[in-house]
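Just query32.tsv here, TSV, C-alpha atoms and all ligand atoms:
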chain	number	residue	atom	x	y	z
O	1	MET	CA	-9.33	28.14	15.52
O	2	ASN	CA	-10.53	30.29	18.38
O	3	MET	CA	-7.42	31.62	20.19
O	4	ALA	CA	-8.98	30.69	23.55
O	5	ASP	CA	-9.01	27.03	22.45
O	6	ALA	CA	-5.24	27.21	22.06
O	7	LEU	CA	-4.60	28.42	25.61
O	8	HIS	CA	-4.80	26.05	28.58
O	9	PHE	CA	-4.27	26.72	32.27
O	10	ARG	CA	-2.72	24.29	34.78
O	11	GLU	CA	-2.09	21.85	31.97
O	12	SER	CA	-0.56	18.52	33.02
O	13	MET	CA	2.77	18.18	31.24
O	14	ALA	CA	2.63	14.40	31.74
O	15	ARG	CA	0.32	14.50	28.69
O	16	HIS	CA	2.99	16.24	26.62
O	17	VAL	CA	6.24	14.43	27.50
O	18	SER	CA	7.21	10.93	26.46
O	19	TRP	CA	7.95	9.87	30.06
O	20	ARG	CA	4.24	10.41	30.80
O	21	ALA	CA	5.13	11.89	34.20
O	22	GLY	CA	5.52	15.25	35.86
O	23	GLY	CA	3.69	18.39	36.94
O	24	ALA	CA	1.54	21.05	35.29
O	25	ALA	CA	2.43	24.20	33.39
O	26	ASP	CA	0.75	27.39	34.60
O	27	ARG	CA	-0.15	28.17	30.98
O	28	LEU	CA	0.19	26.13	27.82
O	29	PHE	CA	-0.30	27.74	24.42
O	30	ALA	CA	-0.59	25.64	21.28
O	31	PRO	CA	-0.29	28.29	18.54
O	32	PRO	CA	-2.25	27.51	15.39
O	33	ASP	CA	0.26	29.50	13.30
O	34	LEU	CA	3.22	31.88	13.44
O	35	GLU	CA	1.06	34.98	13.70
O	36	ALA	CA	-0.70	33.64	16.78
O	37	LEU	CA	2.65	32.61	18.26
O	38	ALA	CA	4.11	36.11	17.75
O	39	ALA	CA	1.00	37.77	19.24
O	40	PHE	CA	1.10	35.45	22.27
O	41	LEU	CA	4.80	36.10	22.92
O	42	ARG	CA	4.22	39.87	22.67
O	43	SER	CA	1.38	39.64	25.17
O	44	LEU	CA	3.49	38.01	27.90
O	45	PRO	CA	4.55	40.04	30.94
O	46	LYS	CA	8.25	40.94	30.86
O	47	GLY	CA	10.26	38.22	32.60
O	48	GLU	CA	7.60	35.51	32.20
O	49	PRO	CA	9.48	32.19	31.87
O	50	VAL	CA	8.85	30.62	28.45
O	51	LEU	CA	9.46	26.97	27.58
O	52	PHE	CA	9.14	25.72	24.01
O	53	VAL	CA	8.14	22.05	23.89
O	54	GLY	CA	8.10	19.81	20.83
O	55	LEU	CA	7.20	16.19	21.49
O	56	GLY	CA	8.66	16.26	25.00
O	57	SER	CA	10.91	13.31	24.19
O	58	ASN	CA	13.85	14.72	26.10
O	59	LEU	CA	12.06	16.56	28.87
O	60	LEU	CA	10.88	16.19	32.45
O	61	VAL	CA	8.80	18.80	34.28
O	62	ARG	CA	9.10	18.40	38.05
O	63	ASP	CA	5.96	17.46	40.00
O	64	GLY	CA	5.45	21.00	41.34
O	65	GLY	CA	5.04	22.19	37.75
O	66	PHE	CA	6.38	24.96	35.53
O	67	ARG	CA	5.72	28.55	36.65
O	68	GLY	CA	5.44	30.17	33.26
O	69	SER	CA	4.19	29.60	29.74
O	70	VAL	CA	4.78	26.49	27.66
O	71	ILE	CA	4.55	26.88	23.89
O	72	LEU	CA	3.64	23.58	22.28
O	73	THR	CA	4.98	23.59	18.71
O	74	HIS	CA	3.84	20.20	17.49
O	75	SER	CA	0.15	21.03	17.32
O	76	ALA	CA	0.67	24.09	15.08
O	77	LYS	CA	-0.14	23.97	11.38
O	78	LYS	CA	3.15	22.69	10.05
O	79	ASN	CA	4.81	22.13	6.80
O	80	ALA	CA	7.81	20.42	5.21
O	81	ARG	CA	8.58	21.32	1.59
O	82	MET	CA	11.36	21.67	-0.93
O	83	ASP	CA	12.88	25.14	-1.19
O	84	GLY	CA	15.15	25.00	-4.23
O	85	ASP	CA	17.74	22.36	-3.34
O	86	ARG	CA	17.04	22.63	0.39
O	87	ILE	CA	14.35	21.13	2.60
O	88	TYR	CA	12.31	23.58	4.65
O	89	ALA	CA	10.61	22.31	7.81
O	90	ASP	CA	8.64	24.16	10.49
O	91	ALA	CA	9.90	23.60	14.05
O	92	GLY	CA	6.86	21.48	14.93
O	93	VAL	CA	7.46	18.94	12.15
O	94	ALA	CA	8.47	15.54	13.55
O	95	SER	CA	12.13	14.70	12.84
O	96	PRO	CA	11.28	11.25	11.37
O	97	LYS	CA	9.08	13.06	8.84
O	98	VAL	CA	12.12	15.05	7.65
O	99	ALA	CA	14.02	11.77	7.19
O	100	ARG	CA	11.21	10.27	5.11
O	101	PHE	CA	10.62	13.49	3.15
O	102	ALA	CA	14.32	13.64	2.23
O	103	ALA	CA	14.32	10.00	1.11
O	104	THR	CA	11.19	10.55	-0.98
O	105	HIS	CA	12.89	13.47	-2.71
O	106	HIS	CA	16.13	11.51	-3.26
O	107	PHE	CA	18.31	13.35	-0.77
O	108	ALA	CA	20.77	11.51	1.46
O	109	GLY	CA	22.07	12.38	4.92
O	110	ALA	CA	18.89	12.81	6.99
O	111	GLU	CA	18.25	9.08	7.56
O	112	PHE	CA	19.51	9.25	11.15
O	113	LEU	CA	16.57	11.52	12.08
O	114	ALA	CA	14.11	8.68	11.41
O	115	GLY	CA	14.52	7.16	14.88
O	116	ILE	CA	14.64	10.38	16.91
O	117	PRO	CA	11.05	10.80	18.11
O	118	GLY	CA	11.02	14.58	18.56
O	119	THR	CA	10.45	17.68	16.47
O	120	VAL	CA	12.77	19.75	14.29
O	121	GLY	CA	12.82	22.46	17.00
O	122	GLY	CA	13.86	19.93	19.65
O	123	ALA	CA	16.48	18.42	17.33
O	124	LEU	CA	18.00	21.88	16.74
O	125	ALA	CA	17.94	22.79	20.45
O	126	MET	CA	19.56	19.47	21.44
O	127	ASN	CA	21.74	19.00	18.35
O	128	ALA	CA	20.15	15.57	18.35
O	129	GLY	CA	22.03	12.81	16.61
O	130	CYS	CA	22.86	9.14	16.33
O	131	TYR	CA	24.68	6.58	14.21
O	132	GLY	CA	27.28	9.17	13.15
O	133	GLY	CA	24.90	12.00	12.19
O	134	GLU	CA	24.05	15.21	14.03
O	135	THR	CA	21.25	17.67	13.29
O	136	TRP	CA	23.45	20.73	12.77
O	137	ASP	CA	25.62	18.81	10.24
O	138	ILE	CA	22.75	19.19	7.78
O	139	VAL	CA	21.41	22.66	8.70
O	140	ALA	CA	21.77	25.43	6.10
O	141	LYS	CA	20.02	28.11	8.19
O	142	VAL	CA	17.27	28.47	10.76
O	143	VAL	CA	14.43	30.88	11.48
O	144	THR	CA	13.91	32.10	15.03
O	145	VAL	CA	11.39	34.15	16.97
O	146	ASP	CA	12.01	36.37	19.98
O	147	ARG	CA	9.79	37.76	22.74
O	148	SER	CA	8.68	40.69	20.60
O	149	GLY	CA	7.46	38.19	18.00
O	150	ALA	CA	10.17	39.27	15.52
O	151	LEU	CA	11.35	36.57	13.10
O	152	ARG	CA	15.02	36.29	12.11
O	153	GLU	CA	17.05	34.09	9.81
O	154	ARG	CA	20.20	32.82	11.48
O	155	GLU	CA	23.27	31.10	10.05
O	156	LYS	CA	24.95	28.11	11.65
O	157	ARG	CA	28.06	30.17	12.46
O	158	GLU	CA	25.96	32.32	14.83
O	159	TYR	CA	25.61	29.31	17.16
O	160	ASP	CA	28.01	27.54	19.46
O	161	ILE	CA	27.35	23.90	18.56
O	162	SER	CA	28.77	20.70	20.02
O	163	TYR	CA	27.64	17.23	21.17
O	164	ARG	CA	23.96	17.59	22.28
O	165	HIS	CA	24.52	21.32	22.70
O	166	CYS	CA	23.43	24.44	20.80
O	167	GLU	CA	23.57	28.01	22.01
O	168	LEU	CA	23.21	31.35	20.27
O	169	ARG	CA	26.60	33.07	20.60
O	170	SER	CA	24.98	36.49	21.13
O	171	GLY	CA	23.10	35.11	24.16
O	172	ASP	CA	19.82	36.56	22.83
O	173	GLU	CA	16.65	34.77	23.92
O	174	GLU	CA	15.18	33.20	20.78
O	175	TRP	CA	13.41	30.01	19.82
O	176	PHE	CA	13.38	28.01	16.61
O	177	VAL	CA	10.39	28.25	14.30
O	178	ALA	CA	11.89	26.57	11.21
O	179	ALA	CA	14.99	25.07	9.63
O	180	TYR	CA	16.40	24.77	6.13
O	181	PHE	CA	18.34	21.54	5.61
O	182	ARG	CA	21.01	21.12	2.97
O	183	LEU	CA	21.48	17.49	1.91
O	184	GLN	CA	23.39	15.62	-0.77
O	185	PRO	CA	21.54	14.25	-3.80
O	186	GLY	CA	21.12	10.52	-3.21
O	187	ASP	CA	19.20	7.37	-4.00
O	188	GLY	CA	15.73	7.35	-2.40
O	189	ALA	CA	15.51	3.55	-2.24
O	190	ALA	CA	18.91	3.33	-0.53
O	191	SER	CA	17.87	6.00	2.02
O	192	THR	CA	14.61	4.16	2.70
O	193	ALA	CA	16.52	0.90	3.22
O	194	ARG	CA	18.94	2.65	5.58
O	195	ILE	CA	16.00	4.10	7.57
O	196	LYS	CA	14.48	0.62	7.91
O	197	GLU	CA	17.80	-0.79	9.07
O	198	LEU	CA	18.31	1.96	11.68
O	199	LEU	CA	14.76	1.55	13.02
O	200	ALA	CA	15.20	-2.22	13.29
O	201	ARG	CA	18.41	-1.68	15.24
O	202	ARG	CA	16.51	0.56	17.68
O	203	MET	CA	13.65	-1.92	18.07
O	204	ALA	CA	16.18	-4.59	18.99
O	205	THR	CA	18.11	-2.53	21.54
O	206	GLN	CA	15.73	0.06	23.06
O	207	PRO	CA	12.63	-0.35	25.29
O	208	LEU	CA	10.39	1.44	22.81
O	209	SER	CA	7.10	0.00	24.08
O	210	LEU	CA	7.48	1.66	27.51
O	211	PRO	CA	7.35	5.39	28.31
O	212	ASN	CA	10.94	6.72	28.24
O	213	ALA	CA	12.97	9.74	27.15
O	214	GLY	CA	15.75	8.10	25.19
O	215	SER	CA	19.28	8.27	26.55
O	216	VAL	CA	19.25	9.78	30.01
O	217	PHE	CA	22.97	10.59	30.12
O	218	ARG	CA	25.36	11.84	27.46
O	219	ASN	CA	28.08	9.44	26.46
O	220	PRO	CA	31.33	10.44	28.19
O	221	PRO	CA	34.30	10.94	25.81
O	222	GLY	CA	35.47	7.56	24.48
O	223	ASP	CA	32.88	5.51	26.37
O	224	HIS	CA	29.18	4.73	26.57
O	225	ALA	CA	26.98	5.72	29.48
O	226	ALA	CA	25.00	2.47	29.03
O	227	ARG	CA	28.16	0.37	29.37
O	228	LEU	CA	29.17	2.15	32.59
O	229	ILE	CA	25.68	1.87	34.12
O	230	GLU	CA	25.45	-1.81	33.24
O	231	SER	CA	28.94	-2.48	34.61
O	232	CYS	CA	27.71	-1.16	37.98
O	233	GLY	CA	24.86	-3.71	37.96
O	234	LEU	CA	22.18	-1.02	37.83
O	235	LYS	CA	19.88	-2.50	35.19
O	236	GLY	CA	16.48	-3.03	36.80
O	237	LEU	CA	17.17	-0.61	39.68
O	238	ALA	CA	13.83	0.97	40.62
O	239	ARG	CA	12.58	3.97	42.54
O	240	GLY	CA	8.81	4.34	42.92
O	241	GLY	CA	7.37	3.75	39.46
O	242	ALA	CA	10.63	4.43	37.60
O	243	ARG	CA	13.12	1.75	36.58
O	244	VAL	CA	16.47	1.51	34.81
O	245	SER	CA	15.59	-0.42	31.65
O	246	GLU	CA	16.67	-4.07	31.48
O	247	LYS	CA	16.98	-3.69	27.71
O	248	HIS	CA	19.15	-0.54	27.57
O	249	ALA	CA	20.89	0.67	30.73
O	250	ASN	CA	20.94	4.33	29.66
O	251	PHE	CA	17.12	4.39	29.46
O	252	ILE	CA	14.81	4.96	32.42
O	253	VAL	CA	11.30	3.63	31.85
O	254	ASN	CA	7.94	4.36	33.45
O	255	PRO	CA	6.35	0.93	32.80
O	256	ASP	CA	2.96	1.49	34.45
O	257	GLY	CA	2.74	5.22	33.85
O	258	ALA	CA	2.80	5.58	37.64
O	259	ALA	CA	6.21	7.19	38.15
O	260	SER	CA	6.42	10.72	39.53
O	261	ALA	CA	8.97	13.14	38.16
O	262	ALA	CA	10.66	12.86	41.57
O	263	ASP	CA	10.96	9.06	41.12
O	264	ILE	CA	12.65	9.60	37.75
O	265	GLU	CA	14.92	12.43	38.88
O	266	GLY	CA	15.81	10.53	42.07
O	267	LEU	CA	16.76	7.48	40.02
O	268	ILE	CA	18.88	9.64	37.68
O	269	LEU	CA	20.76	11.04	40.70
O	270	GLU	CA	21.19	7.56	42.23
O	271	VAL	CA	22.62	6.15	38.97
O	272	LYS	CA	24.95	9.16	38.60
O	273	LYS	CA	26.20	8.81	42.20
O	274	THR	CA	26.77	5.05	41.95
O	275	VAL	CA	28.60	5.28	38.62
O	276	LEU	CA	30.83	8.05	40.01
O	277	GLU	CA	31.64	6.06	43.16
O	278	ARG	CA	32.36	2.82	41.32
O	279	THR	CA	34.03	4.02	38.11
O	280	GLY	CA	35.19	7.58	38.80
O	281	VAL	CA	33.25	8.82	35.74
O	282	GLU	CA	30.82	11.70	36.27
O	283	LEU	CA	27.86	11.19	33.96
O	284	VAL	CA	26.12	14.31	32.67
O	285	PRO	CA	22.36	14.13	32.03
O	286	GLU	CA	21.24	14.65	28.45
O	287	VAL	CA	17.55	15.00	29.38
O	288	ARG	CA	16.32	18.46	30.32
O	289	ILE	CA	14.71	18.78	33.76
O	290	VAL	CA	12.72	21.94	34.49
O	291	GLY	CA	10.16	23.27	36.97
O	292	GLU	CA	9.59	23.10	40.70
O	293	PRO	CA	9.70	20.12	43.06
O	294	ALA	CA	6.32	19.12	44.57
K	1	LIG	C1	12.93	6.37	22.23
K	1	LIG	C2	13.79	7.60	22.15
K	1	LIG	C3	14.95	7.58	21.40
K	1	LIG	C4	15.75	8.70	21.31
K	1	LIG	N1	16.88	8.65	20.56
K	1	LIG	C5	17.66	9.76	20.45
K	1	LIG	C6	18.84	9.72	19.66
K	1	LIG	O1	19.19	8.73	19.04
K	1	LIG	N2	19.59	10.84	19.59
K	1	LIG	C7	19.24	11.99	20.24
K	1	LIG	O2	19.97	13.00	20.14
K	1	LIG	N3	18.13	12.04	21.00
K	1	LIG	C8	17.33	10.97	21.11
K	1	LIG	N4	16.20	11.00	21.88
K	1	LIG	C9	15.88	12.24	22.64
K	1	LIG	C10	14.93	13.22	21.91
K	1	LIG	O3	14.07	12.51	21.02
K	1	LIG	C11	15.70	14.29	21.13
K	1	LIG	O4	16.48	15.10	21.99
K	1	LIG	C12	14.73	15.18	20.35
K	1	LIG	O5	15.44	15.98	19.45
K	1	LIG	C13	13.90	16.09	21.27
K	1	LIG	O6	12.91	16.71	20.46
K	1	LIG	P1	11.53	17.19	21.11
K	1	LIG	O7	10.79	17.94	20.09
K	1	LIG	O8	10.81	16.04	21.72
K	1	LIG	O9	12.08	18.17	22.22
K	1	LIG	P2	11.49	18.39	23.69
K	1	LIG	O10	11.75	17.19	24.52
K	1	LIG	O11	10.11	18.89	23.60
K	1	LIG	O12	12.46	19.56	24.18
K	1	LIG	C14	13.84	19.29	24.40
K	1	LIG	C15	14.57	20.64	24.60
K	1	LIG	O13	14.49	21.37	23.37
K	1	LIG	C16	13.87	22.64	23.61
K	1	LIG	N5	13.05	22.97	22.43
K	1	LIG	C17	12.06	22.23	21.88
K	1	LIG	N6	11.56	22.86	20.80
K	1	LIG	C18	12.21	24.03	20.70
K	1	LIG	C19	12.13	25.15	19.79
K	1	LIG	N7	11.26	25.18	18.78
K	1	LIG	N8	12.98	26.20	19.97
K	1	LIG	C20	13.87	26.19	21.00
K	1	LIG	N9	13.98	25.18	21.89
K	1	LIG	C21	13.17	24.11	21.74
K	1	LIG	C22	13.02	22.43	24.85
K	1	LIG	O14	12.76	23.68	25.52
K	1	LIG	C23	13.91	21.51	25.67
K	1	LIG	O15	14.92	22.22	26.33
K	1	LIG	C24	15.37	9.89	21.99
K	1	LIG	C25	14.19	9.92	22.74
K	1	LIG	C26	13.40	8.79	22.81
K	1	LIG	C27	12.12	8.84	23.60
Could you take the file, read its structure, and then write that structure out as structure tokens?
Ligand SMILES: Cc1cc2nc3c(=O)[nH]c(=O)nc-3n(C[C@H](O)[C@H](O)[C@H](O)COP(=O)(O)OP(=O)(O)OC[C@H]3O[C@@H](n4cnc5c(N)ncnc54)[C@H](O)[C@@H]3O)c2cc1C
Amino acid sequence: MNMADALHFRESMARHVSWRAGGAADRLFAPPDLEALAAFLRSLPKGEPVLFVGLGSNLLVRDGGFRGSVILTHSAKKNARMDGDRIYADAGVASPKVARFAATHHFAGAEFLAGIPGTVGGALAMNAGCYGGETWDIVAKVVTVDRSGALREREKREYDISYRHCELRSGDEEWFVAAYFRLQPGDGAASTARIKELLARRMATQPLSLPNAGSVFRNPPGDHAARLIESCGLKGLARGGARVSEKHANFIVNPDGAASAADIEGLILEVKKTVLERTGVELVPEVRIVGEPA
């Protein structure tokens, strides 16, 4: 691939996030491989803001856009393979693929990833999880890259990890390029059946046919954000093209693809304010919102 083909200017991020809304990135680089990624990072001016994006399934870029460089990991050449008794996956590999790969190789414990429509890099950054499983529960080690393009292997203990949170304790600026997962030997057919069951549960409860970004708010301790939002009668509440889903109150949907990022962010703030006023619970957004207002 010609390197120039991988670099785009003023690229609409609505094309790269699952909400299908939002502004443009000044530069977007889709590295064909690790070498190109390292060279691109090295070439950036000091202080240039960098945003790694997987499948954009937990992300909103404000309508004024992102002043910096987006690195799109999902379009890179990517690979999932066995590495001894561990599974290796590049950061751009889709999380559901890891779930299926593990089942095919008779490993149990990655089934929960099947319904999380992001990449391995996004799952590590968010400590994504559901139905009792969390990404970092199954991580053996990760590989990161820094601004100089240097690759490093990092152990789990080097990160501060909690519910939907992951931060390098040293505070160094690094991004994920791969993960090694350690899973228990299992029964492939049982894992495949479990995956089917979890996906069916999602189909029944989540508005998967409409653009959305999964759960907007984290669940507060001992409760569910969806329950609180529904109890305030906010299902169906709309702002511009954005609407609180009728099917799942913790989802905001963009049914006609016409919502602006401001519609979505405004609706998030309205839901947060109403839930606080009526229940006393302060909801914390799970989705990441970046960039400049229009
Ligand atoms: C229908 C639906 C259902 C969902 N269900 C769940 C669920 O059950 N549980 C759950 O936890 N989440 C869920 N999500 C949210 C989302 O899928 C997860 O957070 C997912 O892990 C995000 O991955 P991504 O690649 O799309 O990340 P993105 O949205 O692209 O990025 C999210 C964050 O991760 C950072 N990031 C991405 N890649 C890297 C990298 N390589 N290195 C460093 N940082 C990086 C980004 O900068 C950003 O801050 C759901 C979303 C949808 C749309």
Query raised in the report: Do you know which residues are within 8 Å of ligand LIG 1 (chain K) using all atoms listed in the file? Can you write them as a count of residues only?
Result: 55
List the spatial neighbours of Leu198 of chain O as a compact mmCIF listing (two decimals) with C-alpha atoms, in the coordinates of the input - criterion: any atom at most 8 Å away, only C-alpha atoms, same-chain residues fewer than 3 positions off excluded.
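Generated output (around_0.txt):
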# COMPACT_ATOMS: atom_id res chain seq x y z
CA PHE O 112 19.51 9.25 11.15
CA ALA O 114 14.11 8.68 11.41
CA GLY O 115 14.52 7.16 14.88
CA ARG O 194 18.94 2.65 5.58
CA ILE O 195 16.00 4.10 7.57
CA ARG O 201 18.41 -1.68 15.24
CA ARG O 202 16.51 0.56 17.68
Given 3 Å on each side, where is the centre and what are the edge lengths in Å to one decimal of the axis-aligned box enclosing the listed atoms of segment 214-231 of chain O, as JSON?
{"center_x": 25.6, "center_y": 4.7, "center_z": 29.5, "size_x": 25.7, "size_y": 20.3, "size_z": 16.1}
Requested in this report: With all atoms listed in the file counted, which protein, DNA or RNA residues have an atom no more than 12 Å from (26.6, 32.8, 14.4) in the file frame? Please answer as a count of residues only.
Outcome: 18
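One finds atom CA of Pro31 of chain O at 5.5 Å from atom CA of Ala76 of chain O.
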Query - Å distance separating atom CA of Ala39 of chain O from atom CA of Arg27 of chain O, one decimal place - result: 15.2 Å
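Ranking O:Gly65, O:Pro49, O:Gly266, O:Gly233 by their shortest atom-to-atom distance to Arg10 of chain O, with all atoms listed in the file included, puts O:Gly65 first.
When only C-alpha atoms are used to compute distances to Gln184 of chain O, the closest of the residues O:Arg227, O:Gly291, O:Glu111, O:Ala200 turns out to be O:Glu111.
We find atom CA of Ala262 of chain O and atom CA of Glu246 of chain O to be spaced 20.6 Å apart.
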Quick one: everything within 7 Å of Ala80 of chain O, counting only C-alpha atoms, minus sequence neighbours fewer than 4 positions away in the same chain. Send it as a PDB file with C-alpha atoms, in the frame of the given file.
ATOM      1  CA  TYR O  88      12.310  23.580   4.650  1.00  0.00           C
ATOM      2  CA  ALA O  89      10.610  22.310   7.810  1.00  0.00           C
ATOM      3  CA  ASP O  90       8.640  24.160  10.490  1.00  0.00           C
TER       4      ASP O  90
END
Query raised in the report: What residues have an atom no more than 12 Å from (15.6, 13.1, 42.9) in the file's own frame, counting all atoms listed in the file, and can you write them as a list in words?
Result: Leu60, Arg62, Asp63, Arg239, Gly240, Ala242, Ser260, Ala261, Ala262, Asp263, Ile264, Glu265, Gly266, Leu267, Ile268, Leu269, Glu270, Val271, Lys272, Lys273, Ile289, Glu292, Pro293 and Ala294 of chain O
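Closest approach to Arg42 of chain O among O:Val244, O:Val290, O:Val145, O:Val253: O:Val145, based on only C-alpha atoms.
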Report summary line: One residue among O:Ala38, O:Arg100, O:Ser12, O:Tyr180 is nearest to Ile87 of chain O when using only C-alpha atoms, and that residue is O:Tyr180
Report summary line: Counting all atoms listed in the file, closest pick from O:Met82, O:Ile252, O:Met203, O:Ala99 relative to Leu234 of chain O is O:Ile252
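Using only C-alpha atoms, the smallest distance between any of O:Ser75, O:Leu237, O:Glu11, O:Leu44 and Ala30 of chain O comes from O:Ser75.
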Query raised in the report: Can you tell me, as a ChimeraX atom specification, what residues are no more than 7 Å from Gly241 of chain O when counting all atoms listed in the file, ignoring any on the same chain fewer than 6 positions away?
Result: /O:254,258-259,263
Contact residues around segment 105-109 of chain O with only C-alpha atoms at 6 Å, ignoring same-chain residues under 2 positions, as a PDB file with C-alpha atoms, in the coordinates of the input:
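The resulting file, out_18.pdb, is shown below:
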ATOM      1  CA  ALA O 102      14.320  13.640   2.230  1.00  0.00           C
ATOM      2  CA  ALA O 103      14.320  10.000   1.110  1.00  0.00           C
ATOM      3  CA  GLU O 111      18.250   9.080   7.560  1.00  0.00           C
ATOM      4  CA  LEU O 183      21.480  17.490   1.910  1.00  0.00           C
ATOM      5  CA  GLN O 184      23.390  15.620  -0.770  1.00  0.00           C
ATOM      6  CA  PRO O 185      21.540  14.250  -3.800  1.00  0.00           C
ATOM      7  CA  GLY O 186      21.120  10.520  -3.210  1.00  0.00           C
ATOM      8  CA  ASP O 187      19.200   7.370  -4.000  1.00  0.00           C
ATOM      9  CA  GLY O 188      15.730   7.350  -2.400  1.00  0.00           C
TER      10      GLY O 188
END
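Near Phe9 of chain O, within 12 Å and counting only C-alpha atoms, sit Ala4, Asp5, Met13, Ala24, Ala25, Asp26, Arg27, Leu28, Phe29, Ala30, Gly65, Phe66, Arg67, Gly68, Ser69 and Val70 of chain O, not including residues fewer than 4 positions from it in the same chain.
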